[in-house]
file coords_2.pdb (PDB, C-alpha atoms, pLDDT in the B column)
ATOM      1  CA  MET A1444      13.961 -19.546   2.800  1.00 84.00           C
ATOM      2  CA  THR A1445      10.579 -18.225   3.868  1.00 92.00           C
ATOM      3  CA  GLU A1446       8.069 -18.224   1.017  1.00 96.00           C
ATOM      4  CA  PRO A1447       6.767 -14.859  -0.172  1.00 97.00           C
ATOM      5  CA  LEU A1448       3.161 -13.930   0.512  1.00 97.00           C
ATOM      6  CA  ARG A1449       1.184 -13.773  -2.730  1.00 98.00           C
ATOM      7  CA  LEU A1450      -2.215 -12.135  -2.800  1.00 97.00           C
ATOM      8  CA  SER A1451      -4.489 -11.394  -5.734  1.00 97.00           C
ATOM      9  CA  PHE A1452      -7.932  -9.837  -5.804  1.00 96.00           C
ATOM     10  CA  ASP A1453     -10.190  -7.900  -8.152  1.00 97.00           C
ATOM     11  CA  ILE A1454     -11.383  -4.339  -7.639  1.00 97.00           C
ATOM     12  CA  GLY A1455     -14.232  -2.603  -9.470  1.00 96.00           C
ATOM     13  CA  CYS A1456     -12.203   0.280 -10.915  1.00 96.00           C
ATOM     14  CA  SER A1457      -9.487   1.073 -13.454  1.00 96.00           C
ATOM     15  CA  PRO A1458      -5.779   0.464 -12.750  1.00 97.00           C
ATOM     16  CA  GLU A1459      -5.244   4.234 -12.783  1.00 97.00           C
ATOM     17  CA  HIS A1460      -7.890   4.702 -10.122  1.00 96.00           C
ATOM     18  CA  ALA A1461      -6.540   1.862  -7.956  1.00 97.00           C
ATOM     19  CA  PHE A1462      -2.928   3.075  -8.272  1.00 98.00           C
ATOM     20  CA  ARG A1463      -3.881   6.632  -7.345  1.00 96.00           C
ATOM     21  CA  THR A1464      -5.984   5.448  -4.411  1.00 96.00           C
ATOM     22  CA  TRP A1465      -3.049   3.426  -3.082  1.00 96.00           C
ATOM     23  CA  THR A1466      -0.501   6.187  -3.572  1.00 96.00           C
ATOM     24  CA  GLU A1467      -2.338   9.519  -3.250  1.00 94.00           C
ATOM     25  CA  ARG A1468      -4.907   8.525  -0.627  1.00 91.00           C
ATOM     26  CA  PHE A1469      -2.788   6.119   1.408  1.00 87.00           C
ATOM     27  CA  GLY A1470      -3.755   7.729   4.703  1.00 85.00           C
ATOM     28  CA  ALA A1471      -7.458   7.894   3.807  1.00 86.00           C
ATOM     29  CA  TRP A1472      -7.951   4.140   3.482  1.00 90.00           C
ATOM     30  CA  TRP A1473      -5.285   2.854   5.874  1.00 87.00           C
ATOM     31  CA  PRO A1474      -7.004   1.658   9.080  1.00 85.00           C
ATOM     32  CA  PRO A1475      -6.045   3.697  12.179  1.00 76.00           C
ATOM     33  CA  GLY A1476      -5.382   0.549  14.218  1.00 75.00           C
ATOM     34  CA  HIS A1477      -2.519  -0.380  11.877  1.00 78.00           C
ATOM     35  CA  THR A1478      -0.248   2.495  12.929  1.00 80.00           C
ATOM     36  CA  MET A1479       2.676   2.949  15.293  1.00 80.00           C
ATOM     37  CA  SER A1480       1.480   6.043  17.179  1.00 79.00           C
ATOM     38  CA  ASP A1481      -2.204   5.033  17.418  1.00 74.00           C
ATOM     39  CA  ASP A1482      -3.007   8.672  16.684  1.00 68.00           C
ATOM     40  CA  PRO A1483      -1.772   9.670  13.236  1.00 61.00           C
ATOM     41  CA  PRO A1484      -3.381  12.545  11.403  1.00 66.00           C
ATOM     42  CA  ALA A1485      -1.512  11.584   8.257  1.00 84.00           C
ATOM     43  CA  ILE A1486       0.117   8.618   6.607  1.00 88.00           C
ATOM     44  CA  ARG A1487       1.981   9.600   3.497  1.00 91.00           C
ATOM     45  CA  LEU A1488       3.514   7.921   0.503  1.00 95.00           C
ATOM     46  CA  GLU A1489       5.824  10.249  -1.391  1.00 96.00           C
ATOM     47  CA  PRO A1490       5.678   9.621  -5.153  1.00 97.00           C
ATOM     48  CA  GLY A1491       8.638   8.345  -7.140  1.00 98.00           C
ATOM     49  CA  VAL A1492      11.588   6.065  -6.525  1.00 98.00           C
ATOM     50  CA  GLY A1493      13.158   7.012  -3.213  1.00 98.00           C
ATOM     51  CA  GLY A1494       9.891   8.427  -1.863  1.00 98.00           C
ATOM     52  CA  ARG A1495       9.252   7.803   1.801  1.00 97.00           C
ATOM     53  CA  ILE A1496       6.298   6.055   3.360  1.00 95.00           C
ATOM     54  CA  PHE A1497       5.798   7.468   6.811  1.00 94.00           C
ATOM     55  CA  GLU A1498       3.363   8.290   9.570  1.00 91.00           C
ATOM     56  CA  GLU A1499       3.131  11.808  10.916  1.00 88.00           C
ATOM     57  CA  ALA A1500       1.997  11.803  14.525  1.00 84.00           C
ATOM     58  CA  ARG A1501      -0.077  14.627  15.977  1.00 82.00           C
ATOM     59  CA  ASP A1502       2.987  15.984  17.782  1.00 85.00           C
ATOM     60  CA  GLY A1503       4.685  16.432  14.393  1.00 86.00           C
ATOM     61  CA  SER A1504       7.116  13.553  14.782  1.00 87.00           C
ATOM     62  CA  GLU A1505       7.541  11.197  11.844  1.00 91.00           C
ATOM     63  CA  ILE A1506       7.754   7.441  11.964  1.00 91.00           C
ATOM     64  CA  ASP A1507       9.442   5.959   8.922  1.00 93.00           C
ATOM     65  CA  TRP A1508       7.683   2.918   7.437  1.00 94.00           C
ATOM     66  CA  GLY A1509       9.467   2.343   4.143  1.00 96.00           C
ATOM     67  CA  ARG A1510      10.902   3.626   0.882  1.00 97.00           C
ATOM     68  CA  VAL A1511       9.614   3.401  -2.707  1.00 98.00           C
ATOM     69  CA  THR A1512      11.838   1.229  -4.928  1.00 98.00           C
ATOM     70  CA  ALA A1513       9.752   1.111  -8.134  1.00 98.00           C
ATOM     71  CA  TRP A1514       7.282   3.700  -9.446  1.00 98.00           C
ATOM     72  CA  GLU A1515       5.560   2.821 -12.729  1.00 98.00           C
ATOM     73  CA  PRO A1516       2.083   4.400 -12.689  1.00 98.00           C
ATOM     74  CA  PRO A1517      -0.465   3.002 -13.098  1.00 98.00           C
ATOM     75  CA  HIS A1518       0.856  -0.542 -13.346  1.00 98.00           C
ATOM     76  CA  ARG A1519       3.523  -1.191 -10.717  1.00 98.00           C
ATOM     77  CA  LEU A1520       4.640   0.043  -7.322  1.00 98.00           C
ATOM     78  CA  ALA A1521       7.262  -1.508  -5.044  1.00 98.00           C
ATOM     79  CA  TYR A1522       8.733  -0.511  -1.735  1.00 98.00           C
ATOM     80  CA  LEU A1523      10.883  -1.597   1.141  1.00 98.00           C
ATOM     81  CA  TRP A1524       8.672  -2.084   4.200  1.00 96.00           C
ATOM     82  CA  HIS A1525       9.993  -1.886   7.747  1.00 94.00           C
ATOM     83  CA  ILE A1526       7.164  -0.486   9.872  1.00 87.00           C
ATOM     84  CA  GLY A1527       8.107  -1.045  13.495  1.00 81.00           C
ATOM     85  CA  ARG A1528      11.495  -2.488  12.561  1.00 87.00           C
ATOM     86  CA  ASP A1529      14.996  -1.290  11.743  1.00 88.00           C
ATOM     87  CA  HIS A1530      15.611  -0.213   8.117  1.00 90.00           C
ATOM     88  CA  GLY A1531      18.000  -3.150   7.728  1.00 90.00           C
ATOM     89  CA  ASP A1532      15.107  -5.531   8.426  1.00 93.00           C
ATOM     90  CA  ALA A1533      12.973  -4.215   5.571  1.00 97.00           C
ATOM     91  CA  THR A1534      10.916  -6.656   3.551  1.00 98.00           C
ATOM     92  CA  ASP A1535       9.872  -6.109  -0.072  1.00 98.00           C
ATOM     93  CA  VAL A1536       6.352  -5.299  -1.230  1.00 98.00           C
ATOM     94  CA  GLU A1537       5.499  -5.273  -4.935  1.00 98.00           C
ATOM     95  CA  LEU A1538       2.062  -4.336  -6.247  1.00 98.00           C
ATOM     96  CA  THR A1539       0.987  -4.907  -9.837  1.00 98.00           C
ATOM     97  CA  PHE A1540      -2.251  -3.315 -11.078  1.00 98.00           C
ATOM     98  CA  VAL A1541      -3.575  -5.368 -14.013  1.00 98.00           C
ATOM     99  CA  ASP A1542      -6.428  -4.236 -16.253  1.00 98.00           C
ATOM    100  CA  VAL A1543      -8.698  -7.267 -16.662  1.00 97.00           C
ATOM    101  CA  GLY A1544     -11.346  -5.356 -18.632  1.00 94.00           C
ATOM    102  CA  ASP A1545     -14.896  -4.247 -17.865  1.00 93.00           C
ATOM    103  CA  GLY A1546     -13.624  -1.595 -15.434  1.00 94.00           C
ATOM    104  CA  THR A1547     -11.951  -4.171 -13.225  1.00 96.00           C
ATOM    105  CA  THR A1548      -8.395  -4.244 -11.917  1.00 98.00           C
ATOM    106  CA  ARG A1549      -6.641  -7.249 -10.489  1.00 98.00           C
ATOM    107  CA  LEU A1550      -4.214  -6.221  -7.774  1.00 98.00           C
ATOM    108  CA  GLU A1551      -1.400  -8.710  -7.340  1.00 98.00           C
ATOM    109  CA  ILE A1552       0.728  -8.292  -4.221  1.00 98.00           C
ATOM    110  CA  VAL A1553       3.976 -10.099  -3.542  1.00 98.00           C
ATOM    111  CA  HIS A1554       5.454  -9.523  -0.099  1.00 98.00           C
ATOM    112  CA  SER A1555       8.911 -11.097   0.181  1.00 98.00           C
ATOM    113  CA  GLY A1556      12.328 -10.743   1.790  1.00 97.00           C
ATOM    114  CA  PHE A1557      11.310 -12.265   5.121  1.00 96.00           C
ATOM    115  CA  GLU A1558      14.587 -14.210   5.252  1.00 95.00           C
ATOM    116  CA  ARG A1559      16.317 -10.923   6.189  1.00 94.00           C
ATOM    117  CA  LEU A1560      14.683 -11.272   9.591  1.00 94.00           C
ATOM    118  CA  GLY A1561      16.517 -14.468  10.488  1.00 94.00           C
ATOM    119  CA  ALA A1562      14.764 -16.432  13.217  1.00 95.00           C
ATOM    120  CA  ASP A1563      11.791 -14.025  13.109  1.00 94.00           C
ATOM    121  CA  ALA A1564      11.089 -14.674   9.407  1.00 96.00           C
ATOM    122  CA  ASP A1565       8.244 -17.167   9.726  1.00 96.00           C
ATOM    123  CA  SER A1566       6.443 -15.384  12.553  1.00 95.00           C
ATOM    124  CA  TYR A1567       6.708 -12.015  10.754  1.00 93.00           C
ATOM    125  CA  ARG A1568       5.359 -13.585   7.559  1.00 96.00           C
ATOM    126  CA  GLU A1569       2.447 -15.038   9.526  1.00 95.00           C
ATOM    127  CA  ALA A1570       1.724 -11.669  11.177  1.00 93.00           C
ATOM    128  CA  ASN A1571       1.723 -10.022   7.754  1.00 94.00           C
ATOM    129  CA  THR A1572      -0.715 -12.603   6.430  1.00 94.00           C
ATOM    130  CA  GLY A1573      -3.209 -11.314   8.998  1.00 91.00           C
ATOM    131  CA  GLY A1574      -2.167  -7.712   8.419  1.00 91.00           C
ATOM    132  CA  TRP A1575      -2.874  -7.865   4.684  1.00 95.00           C
ATOM    133  CA  GLY A1576      -6.218  -9.502   5.448  1.00 93.00           C
ATOM    134  CA  GLY A1577      -7.120  -6.476   7.558  1.00 91.00           C
ATOM    135  CA  LEU A1578      -5.905  -3.906   5.006  1.00 92.00           C
ATOM    136  CA  ILE A1579      -7.296  -5.206   1.733  1.00 95.00           C
ATOM    137  CA  PRO A1580     -11.006  -4.690   2.532  1.00 95.00           C
ATOM    138  CA  HIS A1581     -10.301  -1.030   3.433  1.00 94.00           C
ATOM    139  CA  PHE A1582      -8.466  -0.477   0.169  1.00 96.00           C
ATOM    140  CA  VAL A1583     -11.164  -2.149  -1.948  1.00 96.00           C
ATOM    141  CA  GLU A1584     -13.861  -0.130  -0.194  1.00 95.00           C
ATOM    142  CA  ALA A1585     -11.982   3.124  -0.831  1.00 94.00           C
ATOM    143  CA  CYS A1586     -11.505   2.246  -4.508  1.00 95.00           C
ATOM    144  CA  GLU A1587     -15.136   1.342  -5.043  1.00 93.00           C
ATOM    145  CA  ALA A1588     -16.721   4.162  -3.002  1.00 89.00           C
ATOM    146  CA  ALA A1589     -19.018   6.266  -5.159  1.00 65.00           C
ATOM    147  CA  ASP A1590     -17.869   9.484  -3.449  1.00 61.00           C
ATOM    148  CA  HIS A1591     -14.170   8.748  -4.004  1.00 56.00           C
ATOM    149  CA  PRO A1592     -12.562  11.743  -5.751  1.00 59.00           C
ATOM    150  CA  PHE A1593     -11.092   9.520  -8.486  1.00 59.00           C
ATOM    151  CA  HIS A1594     -14.199   7.363  -8.977  1.00 53.00           C
ATOM    152  CA  GLN A1595     -15.423   8.872 -12.207  1.00 49.00           C
ATOM    153  CA  SER A1596     -15.111   7.943 -15.845  1.00 42.00           C
ATOM    154  CA  SER A1597     -11.874   9.890 -16.089  1.00 42.00           C
ATOM    155  CA  ASP A1598      -9.104   9.517 -13.578  1.00 45.00           C
ATOM    156  CA  GLN A1599      -7.993  13.111 -13.985  1.00 43.00           C
ATOM    157  CA  PRO A1600      -8.123  15.189 -10.828  1.00 42.00           C
ATOM    158  CA  GLN A1601     -11.484  16.924 -10.499  1.00 36.00           C
ATOM    159  CA  GLU A1602     -10.014  20.393 -11.020  1.00 36.00           C
ATOM    160  CA  GLN A1603      -8.734  19.303 -14.462  1.00 36.00           C
ATOM    161  CA  ARG A1604     -12.159  18.208 -15.751  1.00 30.00           C
TER     162      ARG A1604
END
call {"tool": "encode", "arguments": {"input": "coords_2.pdb", "output": "C-alpha cells"}}
result
Amino acid sequence: MTEPLRLSFDIGCSPEHAFRTWTERFGAWWPPGHTMSDDPPAIRLEPGVGGRIFEEARDGSEIDWGRVTAWEPPHRLAYLWHIGRDHGDATDVELTFVDVGDGTTRLEIVHSGFERLGADADSYREANTGGWGGLIPHFVEACEAADHPFHQSSDQPQEQR
C-alpha cells in the first residue's frame, strides 16, 4: 500500500475564512500552470456533497477534476480527485481546518487512495508531493491577502455587513 500524503501548515486567518477561500475562490488562488487546458477562465468547486470540481476552458468545454464527498463548513472538506485521469482512478483528498487560536488556522491535508492506481501509485504520489508544494503557497497568500474579500473581522459576505 502506498502511504498517504500528510501535510499540515498554519495560516493567519480563521477557519471560516480559510474554508471559504478554498471553496468559493478556488479559481482565484489556483495557479494557472496547474490546469489541463492551460487557458482556463474559471475553476469551480460546487458546494455540497456531490458538487463537482471542474475547469471551464475558454471555449466553454468543461474538464472534470473531482467530486465533493464531505462538506462540513468550516471544518472539513473532502473530495475524490482525478484531474487528468479516469474517474475510476480518483484519489481521496481530505482537508481539515482547525482553529488553533489567535486568528490562526491549521490546515491538515491527507491525500490518499493512491493504491487505486496500481503500478502508477508511487509515481503519482511523488508527483502530488510536488504539486501540493506548488499549490500551498498560493492558497496561503490568498488567505492572508489584505484585499481578500473575506479578510475582515467577520467572515460574512461584504454585502451582508
call {"tool": "axis_aligned_box", "arguments": {"input": "coords_2.pdb", "around": "range 1536-1555 of chain A", "padding_each_side": "8 Å", "output": "AutoDock Vina command-line options"}}
result
--center_x -3.0 --center_y -6.3 --center_z -9.2 --size_x 39.8 --size_y 25.5 --size_z 34.8
call {"tool": "atom_distance", "arguments": {"input": "coords_2.pdb", "atom1": "CA of Gly1544 in chain A", "atom2": "CA of Arg1463 in chain A"}}
result
18.1 Å
call {"tool": "residues_around", "arguments": {"input": "coords_2.pdb", "residues": "Glu1569 in chain A", "least_positions_apart": "5", "cutoff": "12 Å", "atoms": "all atoms listed in the file", "output": "ChimeraX atom specification"}}
result
/A:1445-1448,1554,1557,1563-1564,1574-1576
call {"tool": "atom_distance", "arguments": {"input": "coords_2.pdb", "atom1": "CA of Trp1524 in chain A", "atom2": "CA of Trp1508 in chain A"}}
result
6.0 Å
call {"tool": "atom_distance", "arguments": {"input": "coords_2.pdb", "atom1": "CA of Thr1547 in chain A", "atom2": "CA of Glu1459 in chain A"}}
result
10.8 Å
call {"tool": "residues_around", "arguments": {"input": "coords_2.pdb", "residues": "Ala1461 in chain A", "least_positions_apart": "3", "cutoff": "8 Å", "atoms": "only C-alpha atoms", "output": "list in words"}}
result
Ile1454, Cys1456, Ser1457, Pro1458, Thr1464, Trp1465, Phe1540, Thr1548 and Cys1586 of chain A
call {"tool": "residues_around", "arguments": {"input": "coords_2.pdb", "residues": "Gly1491 in chain A", "least_positions_apart": "4", "cutoff": "9 Å", "atoms": "all atoms listed in the file", "output": "JSON, numbers by chain"}}
result
{"A": [1495, 1511, 1512, 1513, 1514, 1515]}
call {"tool": "resolve_selection", "arguments": {"input": "coords_2.pdb", "expression": "the PyMOL selection byres ((chain A and resi 1522) around 6)", "output": "list in words"}}
result
Arg1510, Val1511, Thr1512, Ala1521, Leu1523, Asp1535 and Val1536 of chain A
call {"tool": "resolve_selection", "arguments": {"input": "coords_2.pdb", "expression": "the PyMOL selection byres ((chain A and resi 1477) around 10)", "output": "ChimeraX atom specification"}}
result
/A:1473-1476,1478-1481,1526,1574,1577-1578
call {"tool": "closest_residue", "arguments": {"input": "coords_2.pdb", "among": "A:Ala1533, A:Val1492, A:Leu1450, A:Leu1550", "to": "Gly1573 in chain A", "atoms": "all atoms listed in the file"}}
result
A:Leu1450
call {"tool": "closest_residue", "arguments": {"input": "coords_2.pdb", "among": "A:Val1541, A:Ile1552, A:Ile1496, A:Met1444", "to": "Ile1579 in chain A", "atoms": "all atoms listed in the file"}}
result
A:Ile1552
call {"tool": "closest_residue", "arguments": {"input": "coords_2.pdb", "among": "A:Glu1537, A:Asp1502, A:Asp1532, A:Asp1453", "to": "Tyr1567 in chain A", "atoms": "only C-alpha atoms"}}
result
A:Asp1532
call {"tool": "residues_near_point", "arguments": {"input": "coords_2.pdb", "point": "(-4.3, 8.8, 0.7)", "cutoff": "12 Å", "atoms": "only C-alpha atoms", "output": "PyMOL selection string"}}
result
chain A and resi 1461-1474+1484-1490+1496-1498+1581-1582+1585-1586+1591-1593
call {"tool": "build_atoms", "arguments": {"input": "coords_2.pdb", "residues": "range 1543-1576 of chain A", "atoms": "N, CA and C atoms", "output": "PDB file, in the frame of the given file"}}
result
ATOM      1  N   VAL A1543      -8.091  -6.018 -16.202  1.00 97.00           N
ATOM      2  CA  VAL A1543      -8.698  -7.267 -16.662  1.00 97.00           C
ATOM      3  C   VAL A1543      -9.951  -7.004 -17.486  1.00 97.00           C
ATOM      4  N   GLY A1544     -10.204  -5.723 -17.801  1.00 94.00           N
ATOM      5  CA  GLY A1544     -11.346  -5.356 -18.632  1.00 94.00           C
ATOM      6  C   GLY A1544     -12.590  -5.085 -17.812  1.00 94.00           C
ATOM      7  N   ASP A1545     -13.600  -4.541 -18.492  1.00 93.00           N
ATOM      8  CA  ASP A1545     -14.896  -4.247 -17.865  1.00 93.00           C
ATOM      9  C   ASP A1545     -14.772  -3.382 -16.616  1.00 93.00           C
ATOM     10  N   GLY A1546     -13.777  -2.482 -16.584  1.00 94.00           N
ATOM     11  CA  GLY A1546     -13.624  -1.595 -15.434  1.00 94.00           C
ATOM     12  C   GLY A1546     -13.127  -2.287 -14.186  1.00 94.00           C
ATOM     13  N   THR A1547     -12.451  -3.409 -14.359  1.00 96.00           N
ATOM     14  CA  THR A1547     -11.951  -4.171 -13.225  1.00 96.00           C
ATOM     15  C   THR A1547     -10.431  -4.233 -13.256  1.00 96.00           C
ATOM     16  N   THR A1548      -9.837  -4.124 -12.085  1.00 98.00           N
ATOM     17  CA  THR A1548      -8.395  -4.244 -11.917  1.00 98.00           C
ATOM     18  C   THR A1548      -8.107  -5.423 -11.004  1.00 98.00           C
ATOM     19  N   ARG A1549      -7.136  -6.207 -11.390  1.00 98.00           N
ATOM     20  CA  ARG A1549      -6.641  -7.249 -10.489  1.00 98.00           C
ATOM     21  C   ARG A1549      -5.380  -6.696  -9.831  1.00 98.00           C
ATOM     22  N   LEU A1550      -5.395  -6.648  -8.513  1.00 98.00           N
ATOM     23  CA  LEU A1550      -4.214  -6.221  -7.774  1.00 98.00           C
ATOM     24  C   LEU A1550      -3.495  -7.473  -7.308  1.00 98.00           C
ATOM     25  N   GLU A1551      -2.246  -7.594  -7.745  1.00 98.00           N
ATOM     26  CA  GLU A1551      -1.400  -8.710  -7.340  1.00 98.00           C
ATOM     27  C   GLU A1551      -0.335  -8.156  -6.407  1.00 98.00           C
ATOM     28  N   ILE A1552      -0.227  -8.736  -5.228  1.00 98.00           N
ATOM     29  CA  ILE A1552       0.728  -8.292  -4.221  1.00 98.00           C
ATOM     30  C   ILE A1552       1.679  -9.443  -3.927  1.00 98.00           C
ATOM     31  N   VAL A1553       2.963  -9.138  -3.964  1.00 98.00           N
ATOM     32  CA  VAL A1553       3.976 -10.099  -3.542  1.00 98.00           C
ATOM     33  C   VAL A1553       4.766  -9.425  -2.423  1.00 98.00           C
ATOM     34  N   HIS A1554       4.720 -10.035  -1.262  1.00 98.00           N
ATOM     35  CA  HIS A1554       5.454  -9.523  -0.099  1.00 98.00           C
ATOM     36  C   HIS A1554       6.536 -10.556   0.204  1.00 98.00           C
ATOM     37  N   SER A1555       7.796 -10.155   0.065  1.00 98.00           N
ATOM     38  CA  SER A1555       8.911 -11.097   0.181  1.00 98.00           C
ATOM     39  C   SER A1555      10.045 -10.492   1.014  1.00 98.00           C
ATOM     40  N   GLY A1556      11.154 -11.225   1.067  1.00 97.00           N
ATOM     41  CA  GLY A1556      12.328 -10.743   1.790  1.00 97.00           C
ATOM     42  C   GLY A1556      12.308 -11.054   3.275  1.00 97.00           C
ATOM     43  N   PHE A1557      11.420 -11.946   3.691  1.00 96.00           N
ATOM     44  CA  PHE A1557      11.310 -12.265   5.121  1.00 96.00           C
ATOM     45  C   PHE A1557      12.578 -12.907   5.669  1.00 96.00           C
ATOM     46  N   GLU A1558      13.364 -13.548   4.792  1.00 95.00           N
ATOM     47  CA  GLU A1558      14.587 -14.210   5.252  1.00 95.00           C
ATOM     48  C   GLU A1558      15.572 -13.227   5.876  1.00 95.00           C
ATOM     49  N   ARG A1559      15.447 -11.930   5.577  1.00 94.00           N
ATOM     50  CA  ARG A1559      16.317 -10.923   6.189  1.00 94.00           C
ATOM     51  C   ARG A1559      16.121 -10.841   7.703  1.00 94.00           C
ATOM     52  N   LEU A1560      15.021 -11.375   8.175  1.00 94.00           N
ATOM     53  CA  LEU A1560      14.683 -11.272   9.591  1.00 94.00           C
ATOM     54  C   LEU A1560      15.200 -12.447  10.414  1.00 94.00           C
ATOM     55  N   GLY A1561      15.932 -13.337   9.771  1.00 94.00           N
ATOM     56  CA  GLY A1561      16.517 -14.468  10.488  1.00 94.00           C
ATOM     57  C   GLY A1561      15.471 -15.331  11.165  1.00 94.00           C
ATOM     58  N   ALA A1562      15.650 -15.554  12.454  1.00 95.00           N
ATOM     59  CA  ALA A1562      14.764 -16.432  13.217  1.00 95.00           C
ATOM     60  C   ALA A1562      13.328 -15.912  13.287  1.00 95.00           C
ATOM     61  N   ASP A1563      13.136 -14.616  13.058  1.00 94.00           N
ATOM     62  CA  ASP A1563      11.791 -14.025  13.109  1.00 94.00           C
ATOM     63  C   ASP A1563      11.038 -14.133  11.786  1.00 94.00           C
ATOM     64  N   ALA A1564      11.672 -14.682  10.753  1.00 96.00           N
ATOM     65  CA  ALA A1564      11.089 -14.674   9.407  1.00 96.00           C
ATOM     66  C   ALA A1564       9.692 -15.284   9.354  1.00 96.00           C
ATOM     67  N   ASP A1565       9.532 -16.484   9.849  1.00 96.00           N
ATOM     68  CA  ASP A1565       8.244 -17.167   9.726  1.00 96.00           C
ATOM     69  C   ASP A1565       7.146 -16.488  10.536  1.00 96.00           C
ATOM     70  N   SER A1566       7.470 -16.042  11.737  1.00 95.00           N
ATOM     71  CA  SER A1566       6.443 -15.384  12.553  1.00 95.00           C
ATOM     72  C   SER A1566       6.052 -14.032  11.959  1.00 95.00           C
ATOM     73  N   TYR A1567       7.022 -13.310  11.377  1.00 93.00           N
ATOM     74  CA  TYR A1567       6.708 -12.015  10.754  1.00 93.00           C
ATOM     75  C   TYR A1567       5.863 -12.219   9.499  1.00 93.00           C
ATOM     76  N   ARG A1568       6.172 -13.265   8.732  1.00 96.00           N
ATOM     77  CA  ARG A1568       5.359 -13.585   7.559  1.00 96.00           C
ATOM     78  C   ARG A1568       3.928 -13.890   7.997  1.00 96.00           C
ATOM     79  N   GLU A1569       3.777 -14.679   9.028  1.00 95.00           N
ATOM     80  CA  GLU A1569       2.447 -15.038   9.526  1.00 95.00           C
ATOM     81  C   GLU A1569       1.687 -13.798  10.006  1.00 95.00           C
ATOM     82  N   ALA A1570       2.364 -12.911  10.718  1.00 93.00           N
ATOM     83  CA  ALA A1570       1.724 -11.669  11.177  1.00 93.00           C
ATOM     84  C   ALA A1570       1.281 -10.822   9.994  1.00 93.00           C
ATOM     85  N   ASN A1571       2.081 -10.801   8.941  1.00 94.00           N
ATOM     86  CA  ASN A1571       1.723 -10.022   7.754  1.00 94.00           C
ATOM     87  C   ASN A1571       0.583 -10.656   6.967  1.00 94.00           C
ATOM     88  N   THR A1572       0.440 -11.952   7.053  1.00 94.00           N
ATOM     89  CA  THR A1572      -0.715 -12.603   6.430  1.00 94.00           C
ATOM     90  C   THR A1572      -1.993 -12.019   7.022  1.00 94.00           C
ATOM     91  N   GLY A1573      -2.052 -11.922   8.341  1.00 91.00           N
ATOM     92  CA  GLY A1573      -3.209 -11.314   8.998  1.00 91.00           C
ATOM     93  C   GLY A1573      -3.307  -9.826   8.723  1.00 91.00           C
ATOM     94  N   GLY A1574      -2.164  -9.152   8.688  1.00 91.00           N
ATOM     95  CA  GLY A1574      -2.167  -7.712   8.419  1.00 91.00           C
ATOM     96  C   GLY A1574      -2.744  -7.378   7.058  1.00 91.00           C
ATOM     97  N   TRP A1575      -2.321  -8.100   6.021  1.00 95.00           N
ATOM     98  CA  TRP A1575      -2.874  -7.865   4.684  1.00 95.00           C
ATOM     99  C   TRP A1575      -4.376  -8.150   4.677  1.00 95.00           C
ATOM    100  N   GLY A1576      -4.794  -9.190   5.389  1.00 93.00           N
ATOM    101  CA  GLY A1576      -6.218  -9.502   5.448  1.00 93.00           C
ATOM    102  C   GLY A1576      -7.043  -8.372   6.051  1.00 93.00           C
TER     103      GLY A1576
END
